[in-house]
Each structure stands twice: as C-alpha cells, then as structure tokens.
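In what follows, a single structure is set out as structure tokens and then discussed.
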Amino acid sequence: MIRGIVLKRTFLALMLVVPLFAADDITERARRIQSEVIGIDSHIDTLQRVLMEHVDLGQKLPDGEVDLPRLREGGMHAPFFALWVPTFYKGSEAVRRTLDLRDAMQSVLDRYPDRIELATTAADVERIVRAHKIAAVLTIEGGHQIADDLAVLRMYQRMGIRSMTLTHFRNNDWADSSTDKPQHNGLTEFGKEVVHEMNRIGMIVDVSHVSDKTFYAALAASTKPVIASHSSCRALSSLPRNMTDDMLRALAKNGGVVGINFGGGFLSQKEADVTLRDINRIGGSEPNLTGKELDDYTTKMHIHDNWAHPKPTTANLDDVVAHVDRVVKIAGIDHVGIGSDFDGIAEVPIGLEDESKMPALTAALLKKGYSEADIKKIMGGNTLRVMREVVGK
Ligand SMILES: [Zn+2]
C-alpha cells in the first residue's frame, strides 16, 4: 500500500516535471518528433545526380541536398524519387531515358539493401521505415515519358513507379503545362484516358507543372485524390507553377495534398522572375539530337547549371512556414505536405539547406502552435493517406 502511494507520488511528480522540460527544449522535441514521423518528401531530383554524376548516396555528400545519411538525420524516411526526363527527349527517347533513371535507382537499391528499399504500397512504406531503412517511392516527371502509349504507362507501374506528373515545363500531346502556351484547353480525350488508367492501375496523378485548366480537367477526370508533389502558394508568390487559393480549395475537395516546394521563386515573390527565367531557359531548349549525343548534351547542361551548389537566396524557413500556414488556412490541415524539390532547385531556403535540416521546420511549426499530430500529417501523414487511397494498401 505504502509502496503504491510512493509510486503514485513519483508518477505525479514526473507528470509535473516532464512537460516543463519538454517545453523548454523545442529543438529536442522537434528532433524526437522527426525521428518518429514517416517523413515523406514528395519530390526530390537526386536521381539526376546518381545517373550523371555517379554520386554515392550511401555517403554524406559535401554538396547537393540529399543522400541516405541526410534523409535519416532529417527524418525524411520515405522520399519520392523523381525519374525526371527533360521534354527535349521525344517519344521513344524519353522512354529510354526513363529506363536509364530506373536503372540508376536500382543501382542504389542493390548497393545498400540494408539501408534503402523500394516501396510500392503504403504498407511497404510503413514496414520499411519501421525496419529503420529509407523507403524509396518512385515517380516519373512528365507525361511525355509514356510516349502517348498506355502500355508504356502500365509497364512503368509494373517497374514500381507509383505516381506521374502529367506534364513538365512544356505541353505534351495531351496536356498543357503551366509554363507553355495553352494548346489543348487542359486535357485532350486521350489525356483523360491517361488519368482514368492511372486511377485504375494505382498510380497517383501529380498536378504539379500542369496549367490551371489542366489542373481542373484532371480533378474532374480523376476518381481518386491527386497530389501537387512540389508546388507552393500563388497568393504568396505569383509563379504559374504555384497554386491559387481556388485550386487549393478544389484540391481539398478532391482529398489531395500539396507538397510545399522550397525553391526561392516558389517561396518568395522577390525571386519569382528569376525562377521563371530559369524555367523558360530549360523548357525552351530543343537540341536536335538522339541517343548518346543527347545524353551527353543533358549531362553538359546538368553540370553547367550546377544544381549541387545552390545560388544565394533571401527565401528562408519562415517563408516555408508561411506557405504551410496558407494551405492550412485555405484547404485545411489534411491537405499540406512537403515537396522540397531538393537537388532540382537553384536556391534552397536559409535554415532549410538540405534534408538533414527538417527538424528546424518541425521546431518552427511547434513554435507556431501546431500540435504533434498536425506536424505528423504535414511531414508525411497526409501524403501517405493519399498513397493508401490511390495505390492500395
Ligand atoms: Zn518539377
């Protein structure tokens, strides 16, 4: 009996003391939360580095923003690796390049089977993260990569790819891009078929990069939630790649999620013009090449653009928080996620320079009054829900 009372007193004392200590140390709390979340960054371009620079993701790299140690340190345990193919790869060339990127991903999976594993379902993501490994979710970035052939789309799905951005910087034969002249009034009939087939085979429709009309057409055609894997809010930075408040409301109605893009121009109006110029330069290049010559040209451009060494920026961690706040205000807490675009943006925010810094964002959200449950949704819970709903368990 006496022992019971002593235990009860000790417990009460702990109840009083522990929260005080925890509140005192937001940084520690953020690190703990980040080690517990299933952190999903819904867009990284790191495979470009693996394919063209042959970087070893098993090491903590001195440049760029992503590798296995930094994903683990930042608690971003389930990144979406984009197999991005520039739109100047046409038809079967785009398919060939997609296979090269898929092969590059396989080289990472084969080299570090005890540290990273392919995840093709939401349950896979949970199991792999529980086993203290990185869960790699694969996506393709640009509908041109299916070469107007639904069989190619289905084969990508069979290769483990679970999402596709409908366009990139330029229109394709069936969908308009946000950074090109309108051509199809959104989606063509075939474009709608692509969306239906993605719904049917369990691939997430990604509406980042598409024109506003394509966005609404995709939402009308899709029977499943969609994602905007790496876009931010147009109300805060008027970039065509960002989402208007009306689009955010429509996304909420659809049950979808927007992953906040960390690029300078995506976050800050001051840098939007520079970002748009970069987009037009990349989207506008049309080398008349094929095969190895085209690959060599792409590598030259990749090295020239120096993605691994971001340019100075004024955008910072507070801007990222402001974009999260905006989505929460307009669409609600269930519709926001993280889509940094790391290794594919020219500038990274001050205070969030790479994946290892993500606990700083969690700490900032705690300071803003977000609950742990909210933060877990933002950091990956929302995107995992969409994956579960679209891809299946
Ligand atoms: Zn992109």
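Residues are referred to by chain and number: the chain letter is A, B, ... according to the order shown in the structure tokens, the number counts from 1 in that chain, and ligands are numbered separately from 1 in the order shown.
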Practice problem: Show me which residues sit within 8 Å of ligand 1 when counting only C-alpha atoms and all ligand atoms, and put them as a ChimeraX atom specification. | Solution: /A:43,84,141,168-169,208-209,230,341,344
Could you name the residues that touch A:Leu317 at 12 Å or less, counting only C-alpha atoms, but leaving out those on the same chain fewer than 6 positions away, as an mmCIF file with N, CA, C and O atoms, in the first residue's frame?
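Written file, selection_2.cif:
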data_model
loop_
_atom_site.group_PDB
_atom_site.id
_atom_site.type_symbol
_atom_site.label_atom_id
_atom_site.label_comp_id
_atom_site.auth_asym_id
_atom_site.auth_seq_id
_atom_site.Cartn_x
_atom_site.Cartn_y
_atom_site.Cartn_z
ATOM 1 N N ILE A 260 4.834 21.429 -50.281
ATOM 2 C CA ILE A 260 5.421 22.769 -50.440
ATOM 3 C C ILE A 260 6.822 22.688 -51.047
ATOM 4 O O ILE A 260 7.696 21.982 -50.547
ATOM 5 N N ASN A 261 7.002 23.442 -52.149
ATOM 6 C CA ASN A 261 8.273 23.495 -52.867
ATOM 7 C C ASN A 261 9.193 24.530 -52.189
ATOM 8 O O ASN A 261 8.752 25.622 -51.850
ATOM 9 N N PHE A 262 10.463 24.169 -51.990
ATOM 10 C CA PHE A 262 11.395 25.028 -51.259
ATOM 11 C C PHE A 262 12.186 25.988 -52.166
ATOM 12 O O PHE A 262 13.027 26.745 -51.690
ATOM 13 N N GLY A 263 11.979 25.958 -53.476
ATOM 14 C CA GLY A 263 12.740 26.826 -54.385
ATOM 15 C C GLY A 263 12.490 28.302 -54.092
ATOM 16 O O GLY A 263 11.365 28.685 -53.754
ATOM 17 N N GLY A 264 13.544 29.135 -54.264
ATOM 18 C CA GLY A 264 13.452 30.558 -53.913
ATOM 19 C C GLY A 264 12.239 31.254 -54.510
ATOM 20 O O GLY A 264 11.475 31.922 -53.819
ATOM 21 N N LEU A 267 8.830 30.293 -53.138
ATOM 22 C CA LEU A 267 8.526 30.774 -51.790
ATOM 23 C C LEU A 267 8.374 32.283 -51.732
ATOM 24 O O LEU A 267 7.590 32.811 -50.950
ATOM 25 N N SER A 268 9.174 32.987 -52.553
ATOM 26 C CA SER A 268 9.266 34.431 -52.386
ATOM 27 C C SER A 268 9.027 35.164 -53.709
ATOM 28 O O SER A 268 9.684 34.876 -54.722
ATOM 29 N N HIS A 323 3.934 29.396 -46.209
ATOM 30 C CA HIS A 323 3.215 28.633 -47.242
ATOM 31 C C HIS A 323 2.413 27.489 -46.620
ATOM 32 O O HIS A 323 1.279 27.231 -47.039
ATOM 33 N N VAL A 324 3.001 26.832 -45.619
ATOM 34 C CA VAL A 324 2.248 25.773 -44.912
ATOM 35 C C VAL A 324 0.999 26.400 -44.290
ATOM 36 O O VAL A 324 -0.126 25.884 -44.458
ATOM 37 N N SER A 340 10.057 19.268 -51.323
ATOM 38 C CA SER A 340 11.153 20.252 -51.351
ATOM 39 C C SER A 340 11.669 20.571 -52.754
ATOM 40 O O SER A 340 12.064 21.681 -53.031
ATOM 41 N N VAL A 348 18.139 27.185 -52.188
ATOM 42 C CA VAL A 348 17.498 26.478 -51.063
ATOM 43 C C VAL A 348 17.286 27.473 -49.924
ATOM 44 O O VAL A 348 18.090 28.393 -49.746
ATOM 45 N N PRO A 349 16.202 27.351 -49.168
ATOM 46 C CA PRO A 349 15.907 28.362 -48.147
ATOM 47 C C PRO A 349 16.937 28.397 -47.012
ATOM 48 O O PRO A 349 17.442 27.342 -46.620
ATOM 49 N N ILE A 350 17.205 29.593 -46.532
ATOM 50 C CA ILE A 350 18.123 29.757 -45.400
ATOM 51 C C ILE A 350 17.484 29.076 -44.185
ATOM 52 O O ILE A 350 16.327 29.359 -43.848
ATOM 53 N N GLY A 351 18.217 28.180 -43.579
ATOM 54 C CA GLY A 351 17.694 27.452 -42.422
ATOM 55 C C GLY A 351 17.140 26.079 -42.774
ATOM 56 O O GLY A 351 16.866 25.267 -41.902
ATOM 57 N N LEU A 352 16.966 25.846 -44.081
ATOM 58 C CA LEU A 352 16.483 24.523 -44.542
ATOM 59 C C LEU A 352 17.302 24.127 -45.763
ATOM 60 O O LEU A 352 16.756 23.891 -46.838
ATOM 61 N N GLU A 353 18.609 24.075 -45.563
ATOM 62 C CA GLU A 353 19.507 23.934 -46.710
ATOM 63 C C GLU A 353 19.547 22.529 -47.295
ATOM 64 O O GLU A 353 19.968 22.350 -48.439
ATOM 65 N N ASP A 354 19.192 21.534 -46.524
ATOM 66 C CA ASP A 354 19.156 20.171 -47.071
ATOM 67 C C ASP A 354 18.240 19.309 -46.206
ATOM 68 O O ASP A 354 17.668 19.799 -45.224
ATOM 69 N N LYS A 357 18.104 19.205 -42.338
ATOM 70 C CA LYS A 357 17.641 20.352 -41.556
ATOM 71 C C LYS A 357 16.151 20.308 -41.227
ATOM 72 O O LYS A 357 15.623 21.231 -40.619
ATOM 73 N N MET A 358 15.456 19.267 -41.652
ATOM 74 C CA MET A 358 13.997 19.252 -41.488
ATOM 75 C C MET A 358 13.519 19.439 -40.040
ATOM 76 O O MET A 358 12.457 20.030 -39.818
ATOM 77 N N PRO A 359 14.268 18.960 -39.030
ATOM 78 C CA PRO A 359 13.803 19.227 -37.660
ATOM 79 C C PRO A 359 13.652 20.734 -37.365
ATOM 80 O O PRO A 359 12.850 21.114 -36.508
ATOM 81 N N ALA A 360 14.384 21.579 -38.087
ATOM 82 C CA ALA A 360 14.240 23.031 -37.883
ATOM 83 C C ALA A 360 12.841 23.480 -38.307
ATOM 84 O O ALA A 360 12.253 24.388 -37.697
ATOM 85 N N LEU A 361 12.300 22.851 -39.353
ATOM 86 C CA LEU A 361 10.941 23.187 -39.789
ATOM 87 C C LEU A 361 9.930 22.710 -38.740
ATOM 88 O O LEU A 361 8.987 23.438 -38.397
ATOM 89 N N THR A 362 10.153 21.515 -38.217
ATOM 90 C CA THR A 362 9.267 20.999 -37.166
ATOM 91 C C THR A 362 9.294 21.922 -35.944
ATOM 92 O O THR A 362 8.241 22.236 -35.371
ATOM 93 N N ALA A 363 10.499 22.377 -35.572
ATOM 94 C CA ALA A 363 10.619 23.286 -34.417
ATOM 95 C C ALA A 363 9.850 24.582 -34.693
ATOM 96 O O ALA A 363 9.125 25.099 -33.823
ATOM 97 N N ALA A 364 9.972 25.103 -35.915
ATOM 98 C CA ALA A 364 9.269 26.355 -36.268
ATOM 99 C C ALA A 364 7.757 26.147 -36.216
ATOM 100 O O ALA A 364 7.014 27.043 -35.784
ATOM 101 N N LEU A 365 7.294 24.983 -36.655
ATOM 102 C CA LEU A 365 5.850 24.696 -36.621
ATOM 103 C C LEU A 365 5.362 24.547 -35.175
ATOM 104 O O LEU A 365 4.264 25.000 -34.834
#
Self-check item: Which residue of A:Leu109, A:Met159, A:Ile330, A:Ala104 approaches A:Met52 most closely, using only C-alpha atoms
Solution: A:Ala104
Self-check item: Nearest-residue call for A:Val66, choices A:Leu118, A:Ile44, A:Leu83, A:Gly265, using only C-alpha atoms
Solution: A:Ile44
Quiz prompt | Every residue of stretch 3-210 of chain A that DSSP places in strand (DSSP E or B), as a ChimeraX atom specification | solution = /A:41,44,80-84,116-118,134-141,161-165,175,177,187,204-206,210
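One distance worth recording is that between atom CA of A:Ile161 and atom CA of A:Thr139, which is 5.3 Å.
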Can I get the residues of stretch 248-355 of chain A within 7 Å of stretch 377-392 of chain A, each with the closest pair of atoms and their distance in Å to one decimal, using only C-alpha atoms, sorted chain first then ascending number, as a tab-separated table?
residue	atom	partner	partner_atom	distance
A:Gly256	CA	A:Val386	CA	6.7
A:Val257	CA	A:Thr383	CA	6.4
A:Asp334	CA	A:Asn382	CA	5.8
A:His335	CA	A:Asn382	CA	6.4
A:Val336	CA	A:Ile378	CA	5.6
A:Gly337	CA	A:Ile378	CA	4.6
A:Ile338	CA	A:Met379	CA	6.2
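For the choices A:Thr179, A:Gln59, A:Ser42, A:Thr98, the atom-to-atom distance to A:Phe80 is smallest for A:Ser42 when using only C-alpha atoms.
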Quiz prompt | For stretch 187-193 of chain A: contacts at 9 Å, only C-alpha atoms, fewer than 3 positions along chain excluded, given as number ranges by chain | solution = A: 148, 150, 166, 173-176, 184, 196-198, 213-215, 217-218, 221-222
